[in-house]
file protein_14.txt (compact mmCIF, C-alpha atoms)
# COMPACT_ATOMS: atom_id res chain seq x y z
CA MET M 88 -3.54 -4.27 -6.83
CA SER M 89 -0.42 -6.24 -7.48
CA ALA M 90 0.79 -8.54 -4.71
CA SER M 91 4.29 -7.17 -5.36
CA LYS M 92 3.33 -3.82 -3.83
CA LYS M 93 5.03 -3.51 -0.46
CA VAL M 94 3.67 -1.51 2.47
CA LEU M 95 5.50 -0.68 5.69
CA VAL M 96 3.28 0.07 8.70
CA VAL M 97 4.98 2.12 11.45
CA ASP M 98 2.84 2.42 14.59
CA ASP M 99 3.53 1.85 18.28
CA ASP M 100 0.04 0.39 18.83
CA GLN M 101 0.38 -3.38 18.40
CA GLU M 102 -3.34 -3.89 17.80
CA ILE M 103 -3.37 -1.35 14.98
CA ARG M 104 -0.27 -2.89 13.43
CA GLU M 105 -1.81 -6.34 13.48
CA LEU M 106 -5.17 -5.15 12.13
CA LEU M 107 -3.55 -3.22 9.27
CA GLU M 108 -1.21 -6.10 8.47
CA GLU M 109 -4.12 -8.54 8.30
CA TYR M 110 -6.32 -6.24 6.22
CA LEU M 111 -3.64 -5.18 3.75
CA THR M 112 -2.32 -8.73 3.37
CA LYS M 113 -5.82 -9.92 2.45
CA ALA M 114 -5.96 -7.08 -0.10
CA GLY M 115 -2.85 -8.47 -1.80
CA PHE M 116 -0.06 -6.34 -0.33
CA ALA M 117 3.23 -7.56 1.10
CA VAL M 118 3.22 -6.00 4.58
CA THR M 119 5.98 -5.41 7.10
CA THR M 120 5.60 -3.55 10.39
CA ALA M 121 7.68 -1.52 12.83
CA ALA M 122 6.80 -0.37 16.36
CA GLU M 123 9.11 2.66 16.49
CA GLY M 124 11.70 4.67 14.62
CA GLU M 125 14.78 2.52 15.08
CA GLU M 126 12.94 -0.59 13.92
CA MET M 127 11.64 1.38 10.94
CA LYS M 128 15.21 2.38 10.00
CA ARG M 129 16.34 -1.23 10.19
CA ARG M 130 13.50 -2.24 7.88
CA LEU M 131 14.36 0.51 5.40
CA ALA M 132 18.02 -0.48 5.43
CA LEU M 133 16.91 -3.73 3.78
CA GLY M 134 15.05 -1.88 1.02
CA TYR M 135 12.28 0.68 0.60
CA PRO M 136 8.64 -0.36 0.21
CA ASP M 137 6.18 1.10 -2.30
CA LEU M 138 4.34 3.01 0.44
CA ILE M 139 4.70 3.80 4.15
CA LEU M 140 1.92 4.23 6.71
CA LEU M 141 3.50 6.37 9.44
CA ASP M 142 1.94 7.13 12.83
CA VAL M 143 2.54 10.65 14.19
CA MET M 144 2.55 10.05 17.94
CA MET M 145 5.13 7.44 18.92
CA PRO M 146 7.73 7.05 21.68
CA GLY M 147 11.19 8.31 20.77
CA ASP M 148 11.23 9.99 17.37
CA ASP M 149 7.73 11.05 16.36
CA GLY M 150 6.26 10.64 12.89
CA PHE M 151 7.27 14.12 11.76
CA THR M 152 10.93 13.46 12.63
CA LEU M 153 10.83 10.07 10.91
CA CYS M 154 9.18 11.56 7.82
CA GLN M 155 12.03 14.08 7.55
CA HIS M 156 14.53 11.24 7.95
CA ILE M 157 12.91 9.30 5.10
CA ARG M 158 12.78 12.33 2.83
CA LYS M 159 16.56 12.77 3.04
CA THR M 160 17.01 9.65 0.93
CA SER M 161 13.68 8.67 -0.63
CA ASP M 162 10.48 9.99 -2.19
CA VAL M 163 8.48 6.87 -1.28
CA PRO M 164 4.78 7.79 -0.80
CA ILE M 165 3.97 8.41 2.90
CA ILE M 166 0.53 8.50 4.53
CA MET M 167 0.61 9.97 8.04
CA LEU M 168 -1.70 8.41 10.65
CA THR M 169 -2.86 10.48 13.62
CA ALA M 170 -5.29 10.24 16.50
CA VAL M 171 -5.79 14.02 16.40
CA SER M 172 -7.65 15.67 13.54
CA ASP M 173 -5.69 18.91 13.77
CA GLU M 174 -5.27 21.10 10.68
CA MET M 175 -1.87 22.41 11.79
CA ASP M 176 -0.56 18.85 12.22
CA GLN M 177 -1.77 18.09 8.72
CA ILE M 178 -0.05 21.17 7.30
CA ILE M 179 3.21 20.32 9.09
CA GLY M 180 3.09 16.75 7.82
CA LEU M 181 2.50 17.83 4.22
CA GLU M 182 5.18 20.52 4.34
CA ILE M 183 7.88 18.13 5.52
CA GLY M 184 7.14 15.68 2.75
CA ALA M 185 4.13 13.49 3.60
CA ASP M 186 1.82 12.76 0.66
CA ASP M 187 -1.44 12.27 2.55
CA TYR M 188 -2.89 12.42 6.04
CA ILE M 189 -5.63 10.35 7.64
CA ALA M 190 -7.10 10.73 11.14
CA LYS M 191 -7.89 7.81 13.45
CA PRO M 192 -10.29 6.15 13.68
CA PHE M 193 -10.58 5.54 9.94
CA SER M 194 -12.46 2.91 7.99
CA PRO M 195 -10.43 0.26 6.15
CA ARG M 196 -12.18 1.23 2.92
CA GLN M 197 -11.17 4.87 3.34
CA LEU M 198 -7.56 3.90 3.97
CA MET M 199 -7.54 1.54 0.99
CA ALA M 200 -8.87 4.30 -1.26
CA ARG M 201 -6.06 6.62 -0.14
CA ILE M 202 -3.43 3.91 -0.69
CA LYS M 203 -4.69 3.02 -4.16
CA ALA M 204 -4.88 6.69 -5.18
CA LEU M 205 -1.25 7.27 -4.16
CA LEU M 206 0.00 4.10 -5.84
CA ARG M 207 -1.87 4.94 -9.06
CA ARG M 208 -0.08 8.30 -9.20
CA ALA M 209 3.30 6.76 -8.37
CA LYS M 210 5.55 6.26 -11.38
CA PRO M 211 7.87 3.29 -11.90
CA SER M 212 11.53 4.18 -11.98
CA SER M 213 11.63 3.70 -15.75
CA ASP M 214 9.23 6.65 -16.16
CA ILE M 215 11.30 9.09 -14.13
CA GLN M 216 13.21 11.70 -16.12
CA PRO M 217 16.62 10.11 -16.68
CA ALA M 218 19.76 11.83 -15.54
CA PRO M 219 22.43 12.74 -18.08
CA THR M 220 24.53 9.74 -19.14
CA ALA M 221 27.64 11.44 -17.73
CA THR M 222 26.88 13.44 -14.60
CA PRO M 223 29.25 16.39 -14.30
CA LYS M 224 31.44 16.58 -11.22
CA ALA M 225 30.14 20.06 -10.45
CA ILE M 226 27.78 22.62 -11.96
CA ARG M 227 28.16 26.39 -11.79
CA PHE M 228 25.35 28.92 -12.18
CA ALA M 229 25.04 32.56 -11.14
CA ASN M 230 27.12 32.85 -7.94
CA TRP M 231 26.65 29.19 -7.02
CA ARG M 232 28.54 25.92 -7.47
CA LEU M 233 26.91 22.53 -6.88
CA GLU M 234 29.02 19.42 -6.26
CA THR M 235 26.91 16.58 -7.61
CA GLY M 236 28.62 13.79 -5.68
CA SER M 237 28.37 15.28 -2.19
CA HIS M 238 25.18 17.32 -2.76
CA ARG M 239 27.04 20.35 -1.39
CA LEU M 240 26.02 23.78 -2.62
CA PHE M 241 28.55 26.64 -2.41
CA ASP M 242 27.75 30.34 -2.36
CA LEU M 243 30.83 31.67 -4.17
CA GLU M 244 30.18 35.28 -3.14
CA LYS M 245 29.74 34.66 0.59
CA GLY M 246 32.08 31.69 0.86
CA THR M 247 29.44 29.55 2.58
CA GLU M 248 28.31 26.03 1.82
CA TYR M 249 25.14 23.99 2.39
CA GLU M 250 24.30 20.31 2.13
CA LEU M 251 21.07 19.74 0.21
CA SER M 252 18.48 17.12 1.10
CA GLY M 253 17.77 14.42 -1.46
CA SER M 254 14.56 16.04 -2.73
CA ASP M 255 16.08 19.56 -2.93
CA PHE M 256 19.09 18.19 -4.79
CA SER M 257 16.83 16.36 -7.26
CA LEU M 258 14.82 19.53 -7.90
CA LEU M 259 17.91 21.69 -8.43
CA MET M 260 19.49 19.06 -10.71
CA LEU M 261 16.30 18.99 -12.79
CA PHE M 262 16.53 22.73 -13.35
CA LEU M 263 20.28 22.63 -14.00
CA THR M 264 19.98 19.89 -16.62
CA ARG M 265 17.05 21.63 -18.34
CA PRO M 266 17.75 25.38 -18.06
CA ASN M 267 15.59 27.92 -19.91
CA GLU M 268 12.90 25.27 -20.43
CA VAL M 269 9.40 25.61 -19.02
CA LEU M 270 8.73 22.66 -16.70
CA ASP M 271 5.18 21.97 -15.56
CA ARG M 272 4.23 20.61 -12.14
CA ASP M 273 3.83 17.02 -13.35
CA THR M 274 7.32 17.05 -14.90
CA ILE M 275 8.77 18.37 -11.63
CA SER M 276 6.83 15.87 -9.53
CA VAL M 277 7.81 12.86 -11.66
CA ALA M 278 11.48 13.86 -11.63
CA THR M 279 11.68 14.59 -7.89
CA ARG M 280 8.97 12.41 -6.34
CA GLY M 281 8.49 9.62 -8.88
CA ARG M 282 4.86 10.39 -9.67
CA GLU M 283 2.57 13.01 -11.17
CA ALA M 284 1.35 15.85 -8.98
CA HIS M 285 -2.04 15.71 -7.30
CA PRO M 286 -4.13 18.83 -8.11
CA ALA M 287 -4.42 19.82 -4.42
CA GLU M 288 -0.90 18.81 -3.43
CA ARG M 289 1.25 21.46 -1.74
CA GLY M 290 4.47 19.47 -1.59
CA ILE M 291 5.88 20.90 -4.83
CA ASP M 292 5.10 24.47 -3.74
CA VAL M 293 6.86 23.89 -0.43
CA GLN M 294 9.85 22.32 -2.18
CA LEU M 295 10.13 25.19 -4.68
CA SER M 296 9.82 27.76 -1.89
CA ARG M 297 12.54 26.03 0.13
CA LEU M 298 14.93 25.95 -2.83
CA ARG M 299 14.21 29.58 -3.67
CA GLN M 300 14.99 30.59 -0.10
CA ARG M 301 18.25 28.66 -0.20
CA LEU M 302 19.23 30.45 -3.43
CA GLY M 303 18.10 33.85 -2.14
CA ASP M 304 15.57 33.83 -4.95
CA LYS M 305 12.37 34.75 -3.12
CA GLY M 306 9.63 37.35 -3.15
CA THR M 307 10.03 40.02 -5.82
CA GLN M 308 13.72 39.05 -6.21
CA GLN M 309 12.98 35.87 -8.20
CA ARG M 310 15.62 35.83 -10.92
CA LEU M 311 16.66 32.16 -11.12
CA ILE M 312 13.42 30.18 -10.80
CA LYS M 313 10.72 32.14 -12.59
CA THR M 314 7.02 31.29 -12.43
CA ILE M 315 5.30 31.11 -15.82
CA ARG M 316 1.68 31.58 -14.82
CA GLY M 317 -0.50 28.71 -15.95
CA ASN M 318 2.43 26.76 -17.42
CA GLY M 319 5.06 26.01 -14.78
CA TYR M 320 8.55 27.20 -13.95
CA VAL M 321 11.74 28.02 -15.82
CA PHE M 322 15.32 28.14 -14.58
CA ASN M 323 16.80 31.36 -15.94
CA ALA M 324 20.59 31.15 -15.68
CA GLU M 325 23.68 30.22 -17.64
CA VAL M 326 24.79 26.76 -16.55
CA ILE M 327 28.43 25.61 -16.73
CA TYR M 328 29.31 21.93 -16.30
CA GLU M 329 32.63 20.93 -14.75
CA GLU M 330 33.85 17.47 -15.77
call {"tool": "encode", "arguments": {"input": "protein_14.txt", "output": "structure tokens"}}
result
Amino acid sequence: MSASKKVLVVDDDQEIRELLEEYLTKAGFAVTTAAEGEEMKRRLALGYPDLILLDVMMPGDDGFTLCQHIRKTSDVPIIMLTAVSDEMDQIIGLEIGADDYIAKPFSPRQLMARIKALLRRAKPSSDIQPAPTATPKAIRFANWRLETGSHRLFDLEKGTEYELSGSDFSLLMLFLTRPNEVLDRDTISVATRGREAHPAERGIDVQLSRLRQRLGDKGTQQRLIKTIRGNGYVFNAEVIYEE
């Protein structure tokens, strides 16, 4: 593993932080640590790492809250660390954007295998689907209008507006720039998360479900984002770009 790979360890237990820092440094990673959420935010303000190890139970903001904070601006791979092997905690962590979940105590070899698997699937920025050379100021489709600069989505029928998270905006932009084209899960994952999808990963399903709910496109009323069984998804709408 390249020494250029950076890992941020966020855990309030000093002994665990020091043990992980020592182990990962010996394995060739550049490691930084944070004891709680505010310190983590200060670290991230200086630049995002290639992967984050994030403890669930911490004073102040817990790991779930911090994971949501990270997902507003970044799709960096996140492995949640927990002292409780609880299935519901795992489901919550995955649904809010975590990529993997490991229960304490864990063996260093097990953790290293999880880290390497995530980093192998991660794509460099050059492999991510490029955005159009000239991003339109706004995009209209059906009864919606998306402002690309502010990430604000307007329901033109109801007169309401919503601010999309970074990942939801990326997903919607992917569909809007490639309408009426069948997109498979790997294409969606690379464009929105920077890596191919893991076969058992639920993150894309959760993200698609969340966007469908926002667009009122759920259940049997799916008219915008259609599922093409065995192939992927297609955005079925006329798209109008506003310069």
call {"tool": "closest_residue", "arguments": {"input": "protein_14.txt", "among": "M:Gly115, M:Leu141, M:Lys245, M:Val97", "to": "Arg129 (chain M)", "atoms": "all atoms listed in the file"}}
result
M:Val97
call {"tool": "closest_residue", "arguments": {"input": "protein_14.txt", "among": "M:Met127, M:Ala121, M:Leu133, M:Met199", "to": "His156 (chain M)", "atoms": "all atoms listed in the file"}}
result
M:Met127
call {"tool": "atom_distance", "arguments": {"input": "protein_14.txt", "atom1": "CA of Ser296 (chain M)", "atom2": "CA of Arg207 (chain M)"}}
result
26.6 Å
call {"tool": "atom_distance", "arguments": {"input": "protein_14.txt", "atom1": "CA of Asp148 (chain M)", "atom2": "CA of Glu125 (chain M)"}}
result
8.6 Å
call {"tool": "closest_residue", "arguments": {"input": "protein_14.txt", "among": "M:Asp273, M:Asp255, M:Asp242, M:Asp137", "to": "Lys159 (chain M)", "atoms": "all atoms listed in the file"}}
result
M:Asp255
call {"tool": "atom_distance", "arguments": {"input": "protein_14.txt", "atom1": "CA of Glu244 (chain M)", "atom2": "CA of Asp292 (chain M)"}}
result
27.3 Å
call {"tool": "closest_residue", "arguments": {"input": "protein_14.txt", "among": "M:Pro146, M:Pro192, M:Gly134, M:Gly319", "to": "Glu268 (chain M)", "atoms": "only C-alpha atoms"}}
result
M:Gly319
call {"tool": "residues_around", "arguments": {"input": "protein_14.txt", "residues": "Leu106 (chain M)", "least_positions_apart": "6", "cutoff": "12 Å", "atoms": "only C-alpha atoms", "output": "short mmCIF file (atom, residue, chain, number, x, y, z; two decimals) with C-alpha atoms, keeping the file's coordinate frame"}}
result
data_model
loop_
_atom_site.label_atom_id
_atom_site.label_comp_id
_atom_site.auth_asym_id
_atom_site.auth_seq_id
_atom_site.Cartn_x
_atom_site.Cartn_y
_atom_site.Cartn_z
CA VAL M 96 3.28 0.07 8.70
CA ASP M 98 2.84 2.42 14.59
CA ASP M 100 0.04 0.39 18.83
CA THR M 112 -2.32 -8.73 3.37
CA LYS M 113 -5.82 -9.92 2.45
CA VAL M 118 3.22 -6.00 4.58
CA THR M 120 5.60 -3.55 10.39
CA SER M 194 -12.46 2.91 7.99
CA PRO M 195 -10.43 0.26 6.15
#
call {"tool": "closest_residue", "arguments": {"input": "protein_14.txt", "among": "M:Thr274, M:Asn267, M:Ser254, M:Gln300", "to": "Ile157 (chain M)", "atoms": "all atoms listed in the file"}}
result
M:Ser254
call {"tool": "closest_residue", "arguments": {"input": "protein_14.txt", "among": "M:Leu206, M:Leu298, M:Tyr328, M:Leu181", "to": "Lys93 (chain M)", "atoms": "all atoms listed in the file"}}
result
M:Leu206
call {"tool": "residues_around", "arguments": {"input": "protein_14.txt", "residues": "Asn318 (chain M)", "least_positions_apart": "2", "cutoff": "9 Å", "atoms": "all atoms listed in the file", "output": "ChimeraX atom specification"}}
result
/M:269-272,314-316,320
call {"tool": "residues_around", "arguments": {"input": "protein_14.txt", "residues": "Met167 (chain M)", "least_positions_apart": "4", "cutoff": "12 Å", "atoms": "all atoms listed in the file", "output": "ChimeraX atom specification"}}
result
/M:95-98,138-144,149-154,171-172,176-181,183-191,198,201-202
call {"tool": "residues_around", "arguments": {"input": "protein_14.txt", "residues": "Ile275 (chain M)", "least_positions_apart": "4", "cutoff": "8 Å", "atoms": "all atoms listed in the file", "output": "PyMOL selection string"}}
result
chain M and resi 258+261+270-271+279-280+291
call {"tool": "build_atoms", "arguments": {"input": "protein_14.txt", "residues": "region 135-146 of chain M", "atoms": "all heavy atoms", "output": "compact mmCIF listing (two decimals), in the coordinates of the input"}}
result
# COMPACT_ATOMS: atom_id res chain seq x y z
N TYR M 135 13.47 -0.16 0.41
CA TYR M 135 12.28 0.68 0.60
C TYR M 135 11.04 0.01 0.04
O TYR M 135 11.09 -0.65 -1.01
CB TYR M 135 12.49 2.03 -0.07
CG TYR M 135 13.23 3.01 0.80
CD1 TYR M 135 14.62 3.00 0.86
CD2 TYR M 135 12.55 3.92 1.60
CE1 TYR M 135 15.31 3.88 1.67
CE2 TYR M 135 13.23 4.81 2.42
CZ TYR M 135 14.62 4.78 2.45
OH TYR M 135 15.29 5.65 3.26
N PRO M 136 9.90 0.18 0.71
CA PRO M 136 8.64 -0.36 0.21
C PRO M 136 8.06 0.57 -0.85
O PRO M 136 8.67 1.58 -1.22
CB PRO M 136 7.76 -0.37 1.47
CG PRO M 136 8.24 0.83 2.24
CD PRO M 136 9.73 0.89 2.01
N ASP M 137 6.86 0.24 -1.33
CA ASP M 137 6.18 1.10 -2.30
C ASP M 137 5.40 2.21 -1.60
O ASP M 137 5.06 3.22 -2.23
CB ASP M 137 5.23 0.26 -3.17
CG ASP M 137 5.99 -0.74 -4.01
OD1 ASP M 137 6.67 -0.31 -4.97
OD2 ASP M 137 5.93 -1.95 -3.71
N LEU M 138 5.11 2.02 -0.31
CA LEU M 138 4.34 3.01 0.44
C LEU M 138 4.55 2.79 1.93
O LEU M 138 4.73 1.65 2.37
CB LEU M 138 2.84 2.91 0.09
CG LEU M 138 1.90 3.92 0.73
CD1 LEU M 138 0.85 4.40 -0.28
CD2 LEU M 138 1.18 3.32 1.94
N ILE M 139 4.53 3.89 2.70
CA ILE M 139 4.70 3.80 4.15
C ILE M 139 3.50 4.43 4.85
O ILE M 139 3.08 5.54 4.51
CB ILE M 139 5.99 4.52 4.61
CG1 ILE M 139 7.22 3.84 4.02
CG2 ILE M 139 6.10 4.55 6.14
CD1 ILE M 139 8.52 4.55 4.33
N LEU M 140 2.93 3.69 5.81
CA LEU M 140 1.92 4.23 6.71
C LEU M 140 2.64 4.60 8.00
O LEU M 140 3.19 3.71 8.68
CB LEU M 140 0.81 3.21 6.98
CG LEU M 140 0.01 2.74 5.77
CD1 LEU M 140 -0.98 1.66 6.19
CD2 LEU M 140 -0.73 3.90 5.12
N LEU M 141 2.65 5.87 8.37
CA LEU M 141 3.50 6.37 9.44
C LEU M 141 2.69 7.08 10.51
O LEU M 141 2.09 8.13 10.24
CB LEU M 141 4.56 7.31 8.86
CG LEU M 141 5.58 7.92 9.80
CD1 LEU M 141 6.39 6.85 10.53
CD2 LEU M 141 6.51 8.85 9.02
N ASP M 142 2.66 6.52 11.71
CA ASP M 142 1.94 7.13 12.83
C ASP M 142 2.68 8.39 13.29
O ASP M 142 3.90 8.45 13.26
CB ASP M 142 1.83 6.12 13.97
CG ASP M 142 0.93 6.64 15.09
OD1 ASP M 142 -0.02 7.38 14.80
OD2 ASP M 142 1.19 6.29 16.25
N VAL M 143 1.93 9.40 13.73
CA VAL M 143 2.54 10.65 14.19
C VAL M 143 3.05 10.52 15.61
O VAL M 143 4.22 10.79 15.91
CB VAL M 143 1.55 11.82 14.08
CG1 VAL M 143 2.12 13.06 14.75
CG2 VAL M 143 1.23 12.12 12.62
N MET M 144 2.19 10.09 16.52
CA MET M 144 2.55 10.05 17.94
C MET M 144 3.13 8.69 18.32
O MET M 144 2.42 7.70 18.40
CB MET M 144 1.30 10.35 18.80
CG MET M 144 0.70 11.72 18.53
SD MET M 144 1.89 13.06 18.80
CE MET M 144 2.15 12.90 20.57
N MET M 145 4.45 8.67 18.52
CA MET M 145 5.13 7.44 18.92
C MET M 145 6.23 7.78 19.93
O MET M 145 6.71 8.90 19.97
CB MET M 145 5.76 6.75 17.69
CG MET M 145 4.75 6.15 16.74
SD MET M 145 5.57 5.17 15.44
CE MET M 145 6.41 6.47 14.56
N PRO M 146 6.62 6.80 20.76
CA PRO M 146 7.73 7.05 21.68
C PRO M 146 9.03 7.25 20.91
O PRO M 146 9.20 6.73 19.81
CB PRO M 146 7.78 5.76 22.52
CG PRO M 146 7.15 4.72 21.65
CD PRO M 146 6.08 5.44 20.88
